[in-house]
Amino acid sequence: MNTATKLSGFALGLAAVFAGAYGIGHVAGPVAPAAETRHDTTDTDHGAAGHGDESAGDAHLPGGLLVSERGYTLQPVTAPAGEFAFRITGPDGAPVTRYDVAHDKRMHLIVARRDLSGFRHVHPELAADGTWRVASPLAGPGVWRAFADFTPTGGEPLTLGVDVTVPGPLAARPLPAPATTATVDGYTVTLTGTPEPGRTSRLTLTVSRAGRPVTDLQPYLGAYGHLVALRQGDLAYLHVHPEGTPDDGRTPAGPAVTFAAEVPSAGAYRLYLDFRHGDAVHTAEFTVLAGAQPAPAPTTAPTPDAGHGTPGHGHS
Ligand SMILES: [Cu+2]
């Protein structure tokens, strides 16, 4: 109950992001048509008018927190070793086989361990029976969160999340310390701007290589960058697209890519920037702190900046 109320508050933030975004793509997760509509299934008296809007459904959470929402359910499917498979069942209980293309793909599968390591963003293939299959992006043991980011034909964009455990020795990976510079594959990416809970913040990511600005970024899925943010603690999911598109005649191909993003609460977030250059997709990762900081979240290791190791992620 408490939780539902709190999350309603988060969702208002998301609705505001969407409204305030400069024609950027979706913030994953549905957008409340009426911000005052509350999602609180135990409080049937409240906001009854808002509940009359069927399409609103569970429209008030950040994306990715639910395994089932608005009648759609994410179901992992047993797969051969080395493969990850799942399906989405629809309101009628049958696997969904028709999806709209969003950002060049019908399905975006994002995975990260619960400790925010191991991020990958991949694009599975759909079989006729509604099963999605992809070479497994789960790079080793751990408890993983898998996010399916999709739009069922005739429906609204949706991000569902499910936990998947890969057995094996568990390595503790504390969240890397906050930083405004990340290096990946020989690139240096600098972050300017700080996310503020409850309002839209401009986050600019600037890409350089060997000390030189990169000015020939390549479009990737219709944009010069894709930014996913995951909240530490519950992995609430945000997916933000940048201001401007590669074909609008005014958006430069780097070195800076700017996003308008709003985080749903204070806390620690891990940001993952996907960008394409040299015919390869690279992912730069940052830890950022939004808002007033509570005591550091407990981790299994006491030192927040002990070697997190190289982000061993890739992208396909
Ligand atoms: Cu994708």
# chains A, B, ... in the order shown; residues from 1 in each chain; ligands from 1
>>> residues_near_ligand(ligand="ligand 1", cutoff="8 Å", atoms="only C-alpha atoms and all ligand atoms", output="list of chain:residue names")
A:His103, A:Asp104, A:Lys105, A:Met107, A:His108, A:Leu109, A:Ile110, A:His121, A:Val122, A:His123, A:Asp149, A:Leu221
>>> residues_around(residues="A:Asp279", least_positions_apart="6", cutoff="10 Å", atoms="only C-alpha atoms", output="JSON, numbers by chain")
{"A": [217, 218, 219, 220]}
>>> closest_atom_pairs(of="stretch 121-203 of chain A", to="stretch 60-71 of chain A", cutoff="12 Å", atoms="only C-alpha atoms", output="CSV")
residue,atom,partner,partner_atom,distance
A:Arg145,CA,A:Gly64,CA,8.9
A:Ala146,CA,A:Gly64,CA,8.5
A:Phe147,CA,A:Gly64,CA,6.0
A:Ala148,CA,A:Gly64,CA,7.9
A:Asp149,CA,A:Gly64,CA,8.3
A:Phe150,CA,A:Gly63,CA,11.2
A:Pro152,CA,A:Arg70,CA,11.2
A:Gly155,CA,A:Arg70,CA,9.6
A:Glu156,CA,A:Arg70,CA,9.6
A:Pro157,CA,A:Gly63,CA,9.9
A:Leu158,CA,A:Gly63,CA,7.2
A:Thr159,CA,A:Gly64,CA,5.0
A:Leu160,CA,A:Gly64,CA,4.6
A:Gly161,CA,A:Gly64,CA,4.6
A:Val162,CA,A:Val67,CA,5.5
A:Asp163,CA,A:Val67,CA,8.8
A:Val164,CA,A:Val67,CA,11.7
>>> residues_around(residues="A:Val288", least_positions_apart="3", cutoff="7 Å", atoms="only C-alpha atoms", output="mmCIF file with all heavy atoms, in the first residue's frame")
data_model
loop_
_atom_site.group_PDB
_atom_site.id
_atom_site.type_symbol
_atom_site.label_atom_id
_atom_site.label_comp_id
_atom_site.auth_asym_id
_atom_site.auth_seq_id
_atom_site.Cartn_x
_atom_site.Cartn_y
_atom_site.Cartn_z
ATOM 1 N N PRO A 178 30.296 7.143 -8.185
ATOM 2 C CA PRO A 178 29.832 8.130 -9.161
ATOM 3 C C PRO A 178 31.012 8.742 -9.911
ATOM 4 O O PRO A 178 32.061 8.981 -9.331
ATOM 5 C CB PRO A 178 29.125 9.188 -8.300
ATOM 6 C CG PRO A 178 28.727 8.451 -7.063
ATOM 7 C CD PRO A 178 29.812 7.434 -6.835
ATOM 8 N N ALA A 179 30.817 8.963 -11.197
ATOM 9 C CA ALA A 179 31.885 9.536 -12.027
ATOM 10 C C ALA A 179 31.244 10.228 -13.212
ATOM 11 O O ALA A 179 30.130 9.884 -13.614
ATOM 12 C CB ALA A 179 32.836 8.440 -12.507
ATOM 13 N N ALA A 268 20.636 6.372 -6.331
ATOM 14 C CA ALA A 268 21.733 6.067 -7.247
ATOM 15 C C ALA A 268 21.182 5.388 -8.491
ATOM 16 O O ALA A 268 20.283 4.536 -8.411
ATOM 17 C CB ALA A 268 22.758 5.171 -6.563
ATOM 18 N N TYR A 269 21.711 5.787 -9.612
ATOM 19 C CA TYR A 269 21.313 5.215 -10.893
ATOM 20 C C TYR A 269 22.565 4.821 -11.656
ATOM 21 O O TYR A 269 23.614 5.453 -11.537
ATOM 22 C CB TYR A 269 20.542 6.241 -11.739
ATOM 23 C CG TYR A 269 19.189 6.577 -11.157
ATOM 24 C CD1 TYR A 269 19.077 7.469 -10.097
ATOM 25 C CD2 TYR A 269 18.031 5.977 -11.635
ATOM 26 C CE1 TYR A 269 17.844 7.758 -9.522
ATOM 27 C CE2 TYR A 269 16.796 6.259 -11.070
ATOM 28 C CZ TYR A 269 16.715 7.153 -10.019
ATOM 29 O OH TYR A 269 15.493 7.425 -9.459
ATOM 30 N N ARG A 270 22.422 3.811 -12.442
ATOM 31 C CA ARG A 270 23.466 3.466 -13.392
ATOM 32 C C ARG A 270 22.948 3.854 -14.768
ATOM 33 O O ARG A 270 21.842 3.448 -15.166
ATOM 34 C CB ARG A 270 23.747 1.963 -13.321
ATOM 35 C CG ARG A 270 24.980 1.517 -14.091
ATOM 36 C CD ARG A 270 26.272 1.915 -13.416
ATOM 37 N NE ARG A 270 27.417 1.238 -14.025
ATOM 38 C CZ ARG A 270 28.668 1.677 -13.924
ATOM 39 N NH1 ARG A 270 28.954 2.788 -13.249
ATOM 40 N NH2 ARG A 270 29.661 1.007 -14.496
#
>>> atom_distance(atom1="atom CA of A:Ala256", atom2="atom CA of A:Thr206")
4.2 Å
>>> select_by_dssp(residues="stretch 90-141 of chain A", states="strand (DSSP E)", output="list of chain:residue names")
A:Tyr99, A:Asp100, A:Met107, A:His108, A:Leu109, A:Ile110, A:Val111, A:Ala112, A:Arg113, A:Arg120, A:His121, A:Val122, A:Glu125, A:Leu126, A:Thr131, A:Trp132, A:Arg133, A:Val134, A:Ala135
>>> write_last_selection(atoms="N, CA, C and O atoms", output="PDB file, in the first residue's frame")
ATOM      1  N   TYR A  99       3.796  -7.243 -33.349  1.00  0.00           N
ATOM      2  CA  TYR A  99       4.429  -6.137 -32.618  1.00  0.00           C
ATOM      3  C   TYR A  99       4.679  -4.994 -33.590  1.00  0.00           C
ATOM      4  O   TYR A  99       4.939  -5.210 -34.773  1.00  0.00           O
ATOM      5  N   ASP A 100       4.639  -3.787 -33.071  1.00  0.00           N
ATOM      6  CA  ASP A 100       5.023  -2.633 -33.877  1.00  0.00           C
ATOM      7  C   ASP A 100       6.535  -2.446 -33.796  1.00  0.00           C
ATOM      8  O   ASP A 100       7.154  -2.744 -32.768  1.00  0.00           O
ATOM      9  N   MET A 107      11.444  -5.724 -30.869  1.00  0.00           N
ATOM     10  CA  MET A 107      11.694  -6.111 -29.469  1.00  0.00           C
ATOM     11  C   MET A 107      13.088  -5.647 -29.082  1.00  0.00           C
ATOM     12  O   MET A 107      14.055  -5.891 -29.797  1.00  0.00           O
ATOM     13  N   HIS A 108      13.151  -4.968 -27.957  1.00  0.00           N
ATOM     14  CA  HIS A 108      14.436  -4.598 -27.368  1.00  0.00           C
ATOM     15  C   HIS A 108      14.541  -5.367 -26.056  1.00  0.00           C
ATOM     16  O   HIS A 108      13.683  -5.244 -25.188  1.00  0.00           O
ATOM     17  N   LEU A 109      15.571  -6.172 -25.946  1.00  0.00           N
ATOM     18  CA  LEU A 109      15.793  -6.927 -24.714  1.00  0.00           C
ATOM     19  C   LEU A 109      17.020  -6.352 -24.014  1.00  0.00           C
ATOM     20  O   LEU A 109      18.110  -6.315 -24.593  1.00  0.00           O
ATOM     21  N   ILE A 110      16.805  -5.871 -22.824  1.00  0.00           N
ATOM     22  CA  ILE A 110      17.889  -5.288 -22.039  1.00  0.00           C
ATOM     23  C   ILE A 110      18.086  -6.177 -20.820  1.00  0.00           C
ATOM     24  O   ILE A 110      17.111  -6.582 -20.177  1.00  0.00           O
ATOM     25  N   VAL A 111      19.326  -6.489 -20.517  1.00  0.00           N
ATOM     26  CA  VAL A 111      19.595  -7.282 -19.318  1.00  0.00           C
ATOM     27  C   VAL A 111      20.667  -6.601 -18.487  1.00  0.00           C
ATOM     28  O   VAL A 111      21.551  -5.912 -19.007  1.00  0.00           O
ATOM     29  N   ALA A 112      20.566  -6.783 -17.192  1.00  0.00           N
ATOM     30  CA  ALA A 112      21.624  -6.377 -16.262  1.00  0.00           C
ATOM     31  C   ALA A 112      21.468  -7.234 -15.024  1.00  0.00           C
ATOM     32  O   ALA A 112      20.357  -7.657 -14.689  1.00  0.00           O
ATOM     33  N   ARG A 113      22.586  -7.483 -14.378  1.00  0.00           N
ATOM     34  CA  ARG A 113      22.473  -8.176 -13.099  1.00  0.00           C
ATOM     35  C   ARG A 113      21.798  -7.257 -12.093  1.00  0.00           C
ATOM     36  O   ARG A 113      21.800  -6.042 -12.235  1.00  0.00           O
ATOM     37  N   ARG A 120      23.488  -5.424 -21.091  1.00  0.00           N
ATOM     38  CA  ARG A 120      23.506  -5.626 -22.554  1.00  0.00           C
ATOM     39  C   ARG A 120      22.130  -5.313 -23.115  1.00  0.00           C
ATOM     40  O   ARG A 120      21.108  -5.466 -22.444  1.00  0.00           O
ATOM     41  N   HIS A 121      22.129  -4.903 -24.360  1.00  0.00           N
ATOM     42  CA  HIS A 121      20.907  -4.528 -25.081  1.00  0.00           C
ATOM     43  C   HIS A 121      20.961  -5.262 -26.420  1.00  0.00           C
ATOM     44  O   HIS A 121      21.843  -5.022 -27.222  1.00  0.00           O
ATOM     45  N   VAL A 122      20.042  -6.195 -26.604  1.00  0.00           N
ATOM     46  CA  VAL A 122      20.087  -7.058 -27.791  1.00  0.00           C
ATOM     47  C   VAL A 122      18.691  -7.124 -28.429  1.00  0.00           C
ATOM     48  O   VAL A 122      17.696  -6.664 -27.845  1.00  0.00           O
ATOM     49  N   GLU A 125      14.985 -12.567 -32.154  1.00  0.00           N
ATOM     50  CA  GLU A 125      14.206 -12.910 -33.349  1.00  0.00           C
ATOM     51  C   GLU A 125      12.903 -13.583 -32.913  1.00  0.00           C
ATOM     52  O   GLU A 125      12.894 -14.415 -32.013  1.00  0.00           O
ATOM     53  N   LEU A 126      11.861 -13.236 -33.629  1.00  0.00           N
ATOM     54  CA  LEU A 126      10.534 -13.768 -33.298  1.00  0.00           C
ATOM     55  C   LEU A 126      10.210 -14.982 -34.161  1.00  0.00           C
ATOM     56  O   LEU A 126      10.288 -14.918 -35.388  1.00  0.00           O
ATOM     57  N   THR A 131       7.572 -17.078 -29.860  1.00  0.00           N
ATOM     58  CA  THR A 131       8.768 -17.198 -29.019  1.00  0.00           C
ATOM     59  C   THR A 131       9.882 -16.312 -29.566  1.00  0.00           C
ATOM     60  O   THR A 131      10.188 -16.347 -30.758  1.00  0.00           O
ATOM     61  N   TRP A 132      10.449 -15.516 -28.677  1.00  0.00           N
ATOM     62  CA  TRP A 132      11.604 -14.676 -29.017  1.00  0.00           C
ATOM     63  C   TRP A 132      12.870 -15.412 -28.617  1.00  0.00           C
ATOM     64  O   TRP A 132      12.967 -15.904 -27.483  1.00  0.00           O
ATOM     65  N   ARG A 133      13.859 -15.441 -29.514  1.00  0.00           N
ATOM     66  CA  ARG A 133      15.111 -16.140 -29.207  1.00  0.00           C
ATOM     67  C   ARG A 133      16.303 -15.251 -29.544  1.00  0.00           C
ATOM     68  O   ARG A 133      16.296 -14.543 -30.556  1.00  0.00           O
ATOM     69  N   VAL A 134      17.339 -15.377 -28.724  1.00  0.00           N
ATOM     70  CA  VAL A 134      18.563 -14.611 -28.972  1.00  0.00           C
ATOM     71  C   VAL A 134      19.716 -15.342 -28.298  1.00  0.00           C
ATOM     72  O   VAL A 134      19.508 -16.067 -27.311  1.00  0.00           O
ATOM     73  N   ALA A 135      20.914 -15.185 -28.872  1.00  0.00           N
ATOM     74  CA  ALA A 135      22.095 -15.711 -28.185  1.00  0.00           C
ATOM     75  C   ALA A 135      22.113 -15.104 -26.798  1.00  0.00           C
ATOM     76  O   ALA A 135      21.966 -13.891 -26.648  1.00  0.00           O
TER      77      ALA A 135
END
>>> residues_around(residues="stretch 139-142 of chain A", least_positions_apart="6", cutoff="9 Å", atoms="only C-alpha atoms", output="ChimeraX atom specification")
/A:113-115,118,164-171,312-313
>>> residues_around(residues="A:Leu289", least_positions_apart="5", cutoff="12 Å", atoms="only C-alpha atoms", output="list in words")
Leu175, Pro176, Ala177, Pro178, Ala179, Thr180, Gly193, Thr194, Pro195, Glu196, Pro197, Ala229, Leu230, Arg231, Gln232, Val263, Ser265, Ala266, Gly267, Ala268, Tyr269, Arg270, Leu271, Pro294, Ala295, Pro296 and Ala297 of chain A
